[in-house]
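Asker: Here you go, one structure.
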Amino acid sequence: TKTLDVAMLTGTIDIAVHSMKDVPTALPTGIVEAAVLKRAHSQDILIHKGTDFLNEEGVVATGSLRRQAQWLHKYPNHEIVDLRGNVNTRLQKLEDSDWNGAIFAAAGLERINLKPESYIDLKWMIPAPAQGAMLVVAKEEDDFCRKALAALNHEPSQICVHIEREFLRVLEGGCTAPIGALVTIEGDTIHFKGALFSLDGQQRIGVEKTIAVSENKGFGRACAEEILQAGGAELM
């Protein structure tokens, strides 16, 4: 994201499109959010070579501390190995390895039509804040781009990811930790589910709350503070 920030600030590009979960919670001075596109699937999936290992010992690959911690929380007898690179690279590494499976974001595979048949929806795993959402940014002073992009903004998605990212920003405080958050809207009600984990997955501090859509200001902060007061500050 920094490379695109520099390109925008030097006038090389007018807008940039990001996977929103990869964008720092504080944007550089002079760059602003112009649109949040309608969110795709937010959940994680396990791509596997057979599911027999789930009740036994196994090796699962992920480069995400959040996925690692939640997987070890549910499957403490499994081994986690590091997996990095773009989606194609990670899929190839899985195929070439003797690992049992690897964890991916469903949206990333669906967008490029690479979601294989051998996968499991990990509905129990809390996704990364803003997972599945795309963010378009523009220069703060660029009224033309900001006005044009405003027409693409999907307000329900924007509300959800802003709460999730506020939760992340308050909890992190400059640290990187296994943090998951998911906000959904049903009618006039916002549902929040979030958690902070220890790196080994043994400790989990979670929060689930609902609130009216009209009262969502500061909701992400309130949920984060509840976790910090429940032992999250010590865990961080």
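Letters A, B, ... mark the chains of the structure tokens in the order given; residue numbers begin at 1 per chain; ligand numbers begin at 1, in order shown.
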Can you list, as a ChimeraX atom specification, every protein, DNA or RNA residue that comes within 12 Å of Gly63 (chain A) when you count only C-alpha atoms, leaving out same-chain residues fewer than 6 positions away?

Answerer: /A:69,80-87,90,102-105,178

Asker: Run DSSP on the backbone and tell me which residues of region 14-168 of chain A come out as helix (DSSP H, G or I); list them as number ranges by chain.

Answerer: A: 20-22, 52-55, 65-74, 87-96, 106-111, 143-150, 155-168

Asker: So, with only C-alpha atoms as the atoms that count, which of A:Tyr75, A:Phe197, A:Phe192, A:Phe167 lies closest to Ala222 (chain A)?

Answerer: A:Phe167

Asker: Could you pull out all residues of region 110-178 of chain A with a DSSP call of strand (DSSP E) and give them as number ranges by chain?

Answerer: A: 119-122, 134-139

Asker: Go through A:Ala35, A:Ala195, A:Leu46, A:Leu171 and flag the residue nearest Met134 (chain A), using only C-alpha atoms for the distances.

Answerer: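 When distances to Met134 (chain A) are compared using only C-alpha atoms, the smallest one comes from A:Ala35.
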
Asker: Restricting the calculation to only C-alpha atoms, which member of A:Val170, A:Leu37, A:Gly201, A:Glu117 is positioned closest to Glu225 (chain A)?

Answerer: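 Under the stated criterion, the closest residue is A:Val170.
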
Asker: If we count only C-alpha atoms, what is near Glu186 (chain A) at a cut-off of 12 Å, once residues fewer than 4 positions away on the same chain are taken out, given as a PDB file with N, CA and C atoms, in the first residue's frame?

Answerer:
ATOM      1  N   PRO A 156     -23.882   0.269   3.686  1.00  0.00           N
ATOM      2  CA  PRO A 156     -23.879  -0.781   4.716  1.00  0.00           C
ATOM      3  C   PRO A 156     -22.493  -1.413   4.912  1.00  0.00           C
ATOM      4  N   CYS A 160     -20.051  -1.250   8.388  1.00  0.00           N
ATOM      5  CA  CYS A 160     -19.510  -2.473   9.010  1.00  0.00           C
ATOM      6  C   CYS A 160     -17.992  -2.411   9.142  1.00  0.00           C
ATOM      7  N   ILE A 190     -27.197  -3.705  14.282  1.00  0.00           N
ATOM      8  CA  ILE A 190     -25.805  -4.075  13.998  1.00  0.00           C
ATOM      9  C   ILE A 190     -25.384  -5.162  14.972  1.00  0.00           C
ATOM     10  N   HIS A 191     -24.806  -6.238  14.429  1.00  0.00           N
ATOM     11  CA  HIS A 191     -24.277  -7.329  15.250  1.00  0.00           C
ATOM     12  C   HIS A 191     -22.756  -7.292  15.179  1.00  0.00           C
ATOM     13  N   PHE A 192     -22.116  -7.311  16.334  1.00  0.00           N
ATOM     14  CA  PHE A 192     -20.648  -7.287  16.397  1.00  0.00           C
ATOM     15  C   PHE A 192     -20.133  -8.547  17.079  1.00  0.00           C
ATOM     16  N   THR A 210     -24.857  -6.169  20.262  1.00  0.00           N
ATOM     17  CA  THR A 210     -25.732  -5.622  19.226  1.00  0.00           C
ATOM     18  C   THR A 210     -26.081  -4.185  19.589  1.00  0.00           C
ATOM     19  N   ILE A 211     -26.383  -3.409  18.556  1.00  0.00           N
ATOM     20  CA  ILE A 211     -26.728  -2.003  18.756  1.00  0.00           C
ATOM     21  C   ILE A 211     -27.557  -1.548  17.561  1.00  0.00           C
ATOM     22  N   ALA A 212     -28.317  -0.497  17.729  1.00  0.00           N
ATOM     23  CA  ALA A 212     -29.086   0.058  16.614  1.00  0.00           C
ATOM     24  C   ALA A 212     -28.139   0.735  15.623  1.00  0.00           C
ATOM     25  N   VAL A 213     -28.457   0.616  14.328  1.00  0.00           N
ATOM     26  CA  VAL A 213     -27.619   1.227  13.287  1.00  0.00           C
ATOM     27  C   VAL A 213     -27.438   2.717  13.545  1.00  0.00           C
TER      28      VAL A 213
END

Asker: Excluding region 64-67 of chain A and its own-chain neighbours fewer than 4 positions away, which residues fall within 8 Å of it when counting only C-alpha atoms? Please give them as a PyMOL selection string.

Answerer: chain A and resi 71+103+125+128+177-180+197+199

Asker: Write the residues you've just listed into a file as a PDB file, in the first residue's frame, and include C-alpha atoms for each of them.

Answerer:
ATOM      1  CA  TRP A  71      -6.724 -22.646  14.407  1.00  0.00           C
ATOM      2  CA  ILE A 103      -6.166 -21.161   5.113  1.00  0.00           C
ATOM      3  CA  MET A 125     -13.190 -18.398  12.521  1.00  0.00           C
ATOM      4  CA  ALA A 128      -9.785  -9.987   9.836  1.00  0.00           C
ATOM      5  CA  ALA A 177      -1.757  -9.244  17.351  1.00  0.00           C
ATOM      6  CA  PRO A 178      -4.251 -12.004  16.486  1.00  0.00           C
ATOM      7  CA  ILE A 179      -7.431  -9.911  16.273  1.00  0.00           C
ATOM      8  CA  GLY A 180     -10.664 -10.844  14.512  1.00  0.00           C
ATOM      9  CA  PHE A 197      -6.134 -14.285  21.005  1.00  0.00           C
ATOM     10  CA  LEU A 199      -0.270 -16.274  19.698  1.00  0.00           C
TER      11      LEU A 199
END

Asker: Find, counting only C-alpha atoms, the residue in A:Glu155, A:Glu164, A:Glu56, A:Asp188 that gets nearest to Ala130 (chain A).

Answerer: A:Glu164

Asker: Tell me, as a list in words, which residues lie within 12 Å of Glu234 (chain A), counting only C-alpha atoms; anything in the same chain fewer than 4 positions away does not count.

Answerer: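 In the requested form, the answer reads Leu171, Leu196, Phe197, Ser198, Gln203, Ile205, Ile227, Leu228, Gln229 and Ala230 of chain A.
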
Asker: Neighbours of Lys115 (chain A) within 12 Å (only C-alpha atoms; same-chain residues fewer than 2 positions away dropped), as an NGL selection string?

Answerer: :A and (44-48 or 87-88 or 91 or 103-113 or 117-121)

Asker: Can I get the selected residues back with N, CA and C atoms, as an mmCIF file, in the first residue's frame?

Answerer:
data_model
loop_
_atom_site.group_PDB
_atom_site.id
_atom_site.type_symbol
_atom_site.label_atom_id
_atom_site.label_comp_id
_atom_site.auth_asym_id
_atom_site.auth_seq_id
_atom_site.Cartn_x
_atom_site.Cartn_y
_atom_site.Cartn_z
ATOM 1 N N ASP A 44 -13.113 -16.986 6.155
ATOM 2 C CA ASP A 44 -11.936 -17.757 5.773
ATOM 3 C C ASP A 44 -12.368 -19.158 5.348
ATOM 4 N N ILE A 45 -11.538 -19.790 4.515
ATOM 5 C CA ILE A 45 -11.788 -21.179 4.131
ATOM 6 C C ILE A 45 -10.495 -21.985 4.271
ATOM 7 N N LEU A 46 -10.658 -23.276 4.476
ATOM 8 C CA LEU A 46 -9.518 -24.191 4.496
ATOM 9 C C LEU A 46 -9.504 -24.965 3.191
ATOM 10 N N ILE A 47 -8.417 -24.831 2.442
ATOM 11 C CA ILE A 47 -8.223 -25.671 1.257
ATOM 12 C C ILE A 47 -7.412 -26.876 1.719
ATOM 13 N N HIS A 48 -7.908 -28.077 1.434
ATOM 14 C CA HIS A 48 -7.327 -29.272 2.049
ATOM 15 C C HIS A 48 -7.084 -30.390 1.037
ATOM 16 N N VAL A 87 -1.909 -15.165 -3.975
ATOM 17 C CA VAL A 87 -2.804 -16.329 -3.916
ATOM 18 C C VAL A 87 -2.277 -17.481 -4.781
ATOM 19 N N ASN A 88 -1.867 -17.177 -6.004
ATOM 20 C CA ASN A 88 -1.376 -18.228 -6.902
ATOM 21 C C ASN A 88 -0.157 -18.934 -6.318
ATOM 22 N N LEU A 91 -1.210 -21.183 -3.370
ATOM 23 C CA LEU A 91 -1.875 -22.407 -3.836
ATOM 24 C C LEU A 91 -0.851 -23.414 -4.365
ATOM 25 N N ILE A 103 -5.010 -22.032 4.884
ATOM 26 C CA ILE A 103 -6.166 -21.161 5.113
ATOM 27 C C ILE A 103 -6.069 -19.936 4.210
ATOM 28 N N PHE A 104 -7.192 -19.633 3.559
ATOM 29 C CA PHE A 104 -7.276 -18.491 2.640
ATOM 30 C C PHE A 104 -8.537 -17.687 2.945
ATOM 31 N N ALA A 105 -8.573 -16.453 2.460
ATOM 32 C CA ALA A 105 -9.810 -15.671 2.462
ATOM 33 C C ALA A 105 -10.642 -16.113 1.262
ATOM 34 N N ALA A 106 -11.897 -16.417 1.501
ATOM 35 C CA ALA A 106 -12.771 -16.858 0.405
ATOM 36 C C ALA A 106 -12.832 -15.814 -0.708
ATOM 37 N N ALA A 107 -12.929 -14.539 -0.333
ATOM 38 C CA ALA A 107 -13.107 -13.472 -1.335
ATOM 39 C C ALA A 107 -11.947 -13.404 -2.313
ATOM 40 N N GLY A 108 -10.723 -13.566 -1.805
ATOM 41 C CA GLY A 108 -9.556 -13.471 -2.670
ATOM 42 C C GLY A 108 -9.539 -14.521 -3.758
ATOM 43 N N LEU A 109 -9.977 -15.742 -3.414
ATOM 44 C CA LEU A 109 -10.010 -16.834 -4.394
ATOM 45 C C LEU A 109 -11.187 -16.680 -5.351
ATOM 46 N N GLU A 110 -12.321 -16.235 -4.823
ATOM 47 C CA GLU A 110 -13.521 -16.089 -5.658
ATOM 48 C C GLU A 110 -13.341 -14.987 -6.699
ATOM 49 N N ARG A 111 -12.662 -13.913 -6.326
ATOM 50 C CA ARG A 111 -12.501 -12.784 -7.247
ATOM 51 C C ARG A 111 -11.712 -13.159 -8.497
ATOM 52 N N ILE A 112 -10.759 -14.098 -8.343
ATOM 53 C CA ILE A 112 -9.961 -14.497 -9.505
ATOM 54 C C ILE A 112 -10.314 -15.906 -9.982
ATOM 55 N N ASN A 113 -11.472 -16.387 -9.509
ATOM 56 C CA ASN A 113 -12.031 -17.656 -9.974
ATOM 57 C C ASN A 113 -11.062 -18.832 -9.772
ATOM 58 N N GLU A 117 -12.474 -27.110 -5.410
ATOM 59 C CA GLU A 117 -13.632 -27.843 -4.865
ATOM 60 C C GLU A 117 -13.355 -28.386 -3.469
ATOM 61 N N SER A 118 -12.091 -28.627 -3.164
ATOM 62 C CA SER A 118 -11.746 -29.242 -1.881
ATOM 63 C C SER A 118 -11.488 -28.167 -0.825
ATOM 64 N N TYR A 119 -12.564 -27.600 -0.314
ATOM 65 C CA TYR A 119 -12.428 -26.585 0.724
ATOM 66 C C TYR A 119 -13.526 -26.739 1.768
ATOM 67 N N ILE A 120 -13.295 -26.144 2.927
ATOM 68 C CA ILE A 120 -14.282 -26.106 4.017
ATOM 69 C C ILE A 120 -14.475 -24.652 4.417
ATOM 70 N N ASP A 121 -15.724 -24.219 4.567
ATOM 71 C CA ASP A 121 -16.000 -22.884 5.104
ATOM 72 C C ASP A 121 -15.687 -22.881 6.598
#

Asker: Tell me which of A:Ile31, A:Leu94, A:Leu122, A:Val137 sits closest to Gln43 (chain A), counting only C-alpha atoms.

Answerer: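 Under the stated criterion, the closest residue is A:Leu122.
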
Asker: What is the CA of Asp5 (chain A)-CA of Ser42 (chain A) distance in Å, reported with one decimal?

Answerer: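 Here the two named atoms are 25.1 Å from each other.
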
Asker: Hey, what's within 12 Å of Thr3 (chain A) if we count only C-alpha atoms and toss same-chain stuff fewer than 5 positions away? As a list of chain:residue names, please?

Answerer: A:Met8, A:Leu9, A:Thr10, A:Thr12, A:Ile13, A:Ala16, A:His18, A:Val23, A:Pro28
